[in-house]
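Remarks on the structure that follows.
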Amino acid sequence: MTIVYRAYAPASAANLSVGFDLLGAALKPIDGQILGDEIYISQAEKGQGFSLDVTGRYAGKLSSDPKKNIVYDAFVLFSKMMQQKGLVAPDVHMGLSKNLPVCSGLGSSAASSVAAVIALDAVAGNPLSEQEKIDLMGQLESSISGGIHYDNIAPCYFGGLQLIINENGVISQTLPDFDNWYWVSCFPGLKVSTSEARAILPPHYSRSDTITYGRHLAAFVDACHRGDHKLAARCLSDVIAEPYRKQLIPGFDAMRDFALQHGAMSAGISGSGSSVFAVFEDLAMAEQMKVYLEREFIANEDGFCHICKLDRRGAYVEKVED
């Protein structure tokens, strides 16, 4: 019987206001719904190469050409890495369930990349080290965003709240997070490309803004380690991207005002947008925020809103058929 593996990689929110390119969190809806990409993979007969079926809510947003899908790029890079190790990558069939919208600020490309890499590694018998897998994920993300950024890759792969280090061989470190935080995450259904969101940022920042950025990030990390959730929430303030990127997200100011007036500890842009987040201690207030976002912020049928906790497990792969 053919062995089939299922790989899952969760959605992630990068930046988190205070940590531009340096913070990211994996998200998991509290109602048990799937918020991430899934890949089913099996070894094909030798000579068949790579084949792909795409399903899921956002399958229609991707090219019908398998070779224009990032999971095909993962297969190509994985095969090259195997060749460098003196090994031969197996031919495979993949089934991608595309559950995350592209250009949404929820780490869609990272989720597909992470799921593809761990799926390929599993079906080949786990020949890659953890560092090799992360390197491969970073290369794939770079092909989408134009540079290697781990603020979606790291939380998606490792789970939880990640501080990007990328020094001395250390990609990221897991920060302590807060059990009493509810993360309301909302995608309004509008695309904001990473390149567009980066282009709108100024080429230079004032000394005051850079000092404020460093102060807030340092205080946030310190507060996480000391368990001071109120200070941590107070530091979720963005002087780098939000003042400029919010113009790409219709209704952002109204959303933020509503959140802060109705019990949110903080609210901001998820990644480069258009998704947003708001953090609450009280579940009833989080539910009230969800109702507001579904009524006033979501623009079309592609949008959605979830109340989440952090997904501390991160990506995983399991054998589902043997």
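Ligands are numbered from 1 in the order shown, residues from 1 within each chain, and chains are lettered A, B, ... in the order they appear in the structure tokens.
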Hey, which bits of stretch 5-107 of chain A sit within 9 Å of stretch 175-192 of chain A, and for each residue what's the closest pair of atoms and how far apart in Å (one decimal), counting only C-alpha atoms, rows by chain and increasing number, as JSON lines?
{"residue": "A:Ala13", "atom": "CA", "partner": "A:Ser185", "partner_atom": "CA", "distance": 8.6}
{"residue": "A:Leu27", "atom": "CA", "partner": "A:Trp183", "partner_atom": "CA", "distance": 8.1}
{"residue": "A:Pro29", "atom": "CA", "partner": "A:Trp183", "partner_atom": "CA", "distance": 8.9}
{"residue": "A:Ile30", "atom": "CA", "partner": "A:Tyr182", "partner_atom": "CA", "distance": 8.9}
{"residue": "A:Pro101", "atom": "CA", "partner": "A:Gly189", "partner_atom": "CA", "distance": 8.2}
{"residue": "A:Val102", "atom": "CA", "partner": "A:Lys191", "partner_atom": "CA", "distance": 7.2}
{"residue": "A:Cys103", "atom": "CA", "partner": "A:Lys191", "partner_atom": "CA", "distance": 5.0}
{"residue": "A:Ser104", "atom": "CA", "partner": "A:Lys191", "partner_atom": "CA", "distance": 5.7}
{"residue": "A:Gly105", "atom": "CA", "partner": "A:Val192", "partner_atom": "CA", "distance": 7.7}
{"residue": "A:Leu106", "atom": "CA", "partner": "A:Phe187", "partner_atom": "CA", "distance": 8.3}
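When the distance limit is 10 Å and only C-alpha atoms are what count, the residues near stretch 198-202 of chain A, minus those fewer than 4 positions from it on the same chain, are Ser145, Ser193, Thr194, Ile240, Ala241, Glu242, Pro243, Tyr244, Arg245, Gln247, Leu248 and Ser272 of chain A.
Each of A:Val221, A:Ala299, A:Ala286, A:Leu22 was checked against A:Ala233 using only C-alpha atoms; the smallest atom-to-atom distance is that of A:Val221.
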Between A:Asn126, A:Ser143, A:Gln83, A:Ser275, smallest distance to A:Asn69 by only C-alpha atoms belongs to A:Ser143
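Neighbours of A:Met81 closer than or equal to 12 Å, with only C-alpha atoms counted and sequence neighbours fewer than 6 positions away skipped, come out as Ala74, Phe75, Leu87, Val88, Ala89, Val117, Leu120, Asp121, Pro127, Leu128, Ser129, Glu132, Lys133, Asp135, Leu136 and Gln139 of chain A.
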Per DSSP on the backbone, filter stretch 54-299 of chain A down to the residues in strand (DSSP E or B) and report them as a short mmCIF file (atom, residue, chain, number, x, y, z; two decimals) with N, CA and C atoms, in the first residue's frame.
data_model
loop_
_atom_site.label_atom_id
_atom_site.label_comp_id
_atom_site.auth_asym_id
_atom_site.auth_seq_id
_atom_site.Cartn_x
_atom_site.Cartn_y
_atom_site.Cartn_z
N VAL A 54 -4.47 20.74 -6.34
CA VAL A 54 -4.71 21.84 -5.40
C VAL A 54 -6.19 21.92 -5.09
N THR A 55 -6.52 21.88 -3.80
CA THR A 55 -7.89 22.04 -3.33
C THR A 55 -7.88 23.11 -2.25
N VAL A 92 7.29 12.41 -6.62
CA VAL A 92 6.21 12.53 -5.65
C VAL A 92 4.92 13.05 -6.28
N HIS A 93 3.84 12.71 -5.61
CA HIS A 93 2.56 13.36 -5.88
C HIS A 93 2.16 14.15 -4.64
N MET A 94 1.81 15.42 -4.84
CA MET A 94 1.38 16.28 -3.73
C MET A 94 -0.07 16.68 -3.92
N GLY A 95 -0.76 16.75 -2.80
CA GLY A 95 -2.08 17.37 -2.76
C GLY A 95 -2.02 18.53 -1.79
N LEU A 96 -2.14 19.75 -2.31
CA LEU A 96 -2.08 20.96 -1.48
C LEU A 96 -3.50 21.44 -1.19
N SER A 97 -3.83 21.52 0.09
CA SER A 97 -5.08 22.14 0.50
C SER A 97 -4.76 23.57 0.89
N LEU A 161 5.59 32.12 19.85
CA LEU A 161 6.02 33.49 19.62
C LEU A 161 7.54 33.47 19.41
N GLN A 162 7.98 33.90 18.23
CA GLN A 162 9.39 33.79 17.86
C GLN A 162 10.04 35.17 17.70
N LEU A 163 11.22 35.29 18.29
CA LEU A 163 12.09 36.45 18.09
C LEU A 163 13.18 36.06 17.10
N ILE A 164 13.26 36.76 16.00
CA ILE A 164 14.21 36.41 14.96
C ILE A 164 15.61 36.89 15.37
N ILE A 165 16.55 35.96 15.41
CA ILE A 165 17.93 36.24 15.80
C ILE A 165 18.82 36.32 14.56
N ASN A 166 18.87 35.22 13.82
CA ASN A 166 19.64 35.10 12.57
C ASN A 166 21.09 35.54 12.75
N GLU A 167 21.68 35.09 13.83
CA GLU A 167 23.08 35.36 14.13
C GLU A 167 23.72 34.09 14.68
N VAL A 170 21.88 30.83 14.73
CA VAL A 170 20.59 30.75 15.42
C VAL A 170 19.57 31.58 14.64
N ILE A 171 18.54 30.92 14.11
CA ILE A 171 17.53 31.62 13.34
C ILE A 171 16.59 32.40 14.24
N SER A 172 16.09 31.74 15.28
CA SER A 172 15.12 32.41 16.16
C SER A 172 15.11 31.76 17.53
N GLN A 173 14.50 32.46 18.47
CA GLN A 173 14.31 31.95 19.82
C GLN A 173 12.84 32.08 20.19
N THR A 174 12.32 31.07 20.88
CA THR A 174 10.93 31.12 21.33
C THR A 174 10.82 32.00 22.57
N LEU A 175 9.94 32.98 22.51
CA LEU A 175 9.69 33.84 23.66
C LEU A 175 8.54 33.28 24.49
N TYR A 182 -6.18 36.55 24.07
CA TYR A 182 -6.95 36.10 22.91
C TYR A 182 -6.59 37.00 21.74
N TRP A 183 -6.19 36.39 20.64
CA TRP A 183 -5.79 37.12 19.44
C TRP A 183 -6.94 37.06 18.43
N VAL A 184 -7.57 38.20 18.19
CA VAL A 184 -8.60 38.27 17.16
C VAL A 184 -7.90 38.61 15.84
N SER A 185 -7.94 37.67 14.91
CA SER A 185 -7.25 37.83 13.63
C SER A 185 -8.29 37.92 12.52
N CYS A 186 -8.19 38.95 11.70
CA CYS A 186 -9.19 39.17 10.65
C CYS A 186 -8.54 39.50 9.31
N PHE A 187 -8.91 38.76 8.30
CA PHE A 187 -8.53 39.05 6.91
C PHE A 187 -9.74 39.64 6.22
N SER A 266 -4.30 45.92 22.67
CA SER A 266 -3.54 46.44 21.54
C SER A 266 -4.23 45.98 20.25
N ALA A 267 -3.93 46.69 19.16
CA ALA A 267 -4.44 46.31 17.84
C ALA A 267 -3.46 46.80 16.80
N GLY A 268 -3.31 46.04 15.72
CA GLY A 268 -2.36 46.45 14.70
C GLY A 268 -2.51 45.66 13.42
N ILE A 269 -1.50 45.80 12.57
CA ILE A 269 -1.48 45.13 11.27
C ILE A 269 -0.73 43.81 11.40
N VAL A 276 -5.50 42.12 10.09
CA VAL A 276 -5.25 42.89 11.30
C VAL A 276 -5.41 41.97 12.50
N PHE A 277 -4.94 42.44 13.66
CA PHE A 277 -5.11 41.67 14.89
C PHE A 277 -5.46 42.62 16.03
N ALA A 278 -6.13 42.06 17.02
CA ALA A 278 -6.40 42.78 18.27
C ALA A 278 -6.25 41.78 19.40
N VAL A 279 -5.65 42.23 20.50
CA VAL A 279 -5.36 41.35 21.64
C VAL A 279 -6.27 41.71 22.80
N PHE A 280 -6.91 40.67 23.37
CA PHE A 280 -7.84 40.85 24.49
C PHE A 280 -7.49 39.88 25.62
#
Any idea what's packed within 9 Å of A:Gly56, counting only C-alpha atoms, ignoring anything in its chain fewer than 4 positions away? Could you give it as a PyMOL selection string? chain A and resi 37+60+96-100
Give me a file of those residues, with C-alpha atoms, as a PDB file, in the first residue's frame.
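Generated file (again-v5.pdb):
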ATOM      1  CA  ASP A  37      -2.019  24.942   4.741  1.00  0.00           C
ATOM      2  CA  GLY A  60      -8.769  29.237  -7.250  1.00  0.00           C
ATOM      3  CA  LEU A  96      -2.084  20.959  -1.482  1.00  0.00           C
ATOM      4  CA  SER A  97      -5.082  22.137   0.503  1.00  0.00           C
ATOM      5  CA  LYS A  98      -4.737  25.910   0.166  1.00  0.00           C
ATOM      6  CA  ASN A  99      -6.560  27.195   3.218  1.00  0.00           C
ATOM      7  CA  LEU A 100      -4.743  30.530   3.569  1.00  0.00           C
TER       8      LEU A 100
END
A:Lys46 proximity check over A:Gly19, A:Pro90, A:Gly314, A:Gly147, using only C-alpha atoms: winner is A:Pro90
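Residue nearest A:Leu310 within the list A:Ala254, A:Ile148, A:Val4, A:Leu35: A:Leu35 [criterion: smallest interatomic distance, only C-alpha atoms].
Proximity to A:Phe78 was assessed for A:Cys305, A:Leu260, A:Leu140, A:Ile153 counting only C-alpha atoms; the smallest distance is recorded for A:Leu140.
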Exercise. Name the residues of stretch 167-303 of chain A that fall into helix (DSSP H, G or I) according to DSSP on the backbone, using the chain letters and numbers of this document, as a PyMOL selection string.
Key: chain A and resi 194-199+207-226+229-234+242-248+252-261+283-297
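The interatomic distance for the pair atom CA of A:Ala124 and atom CA of A:Arg312 works out to 26.3 Å.
Separating atom CA of A:Met289 from atom CA of A:Arg234 is a distance of 18.9 Å.
Every protein, DNA or RNA residue with an atom at most 10 Å from A:Ala218, where only C-alpha atoms count and chain neighbours fewer than 4 positions away do not, is listed here: Val18, Gly19, Thr212, Tyr213, Gly214, Asp222, Ala223 and Cys235 of chain A.
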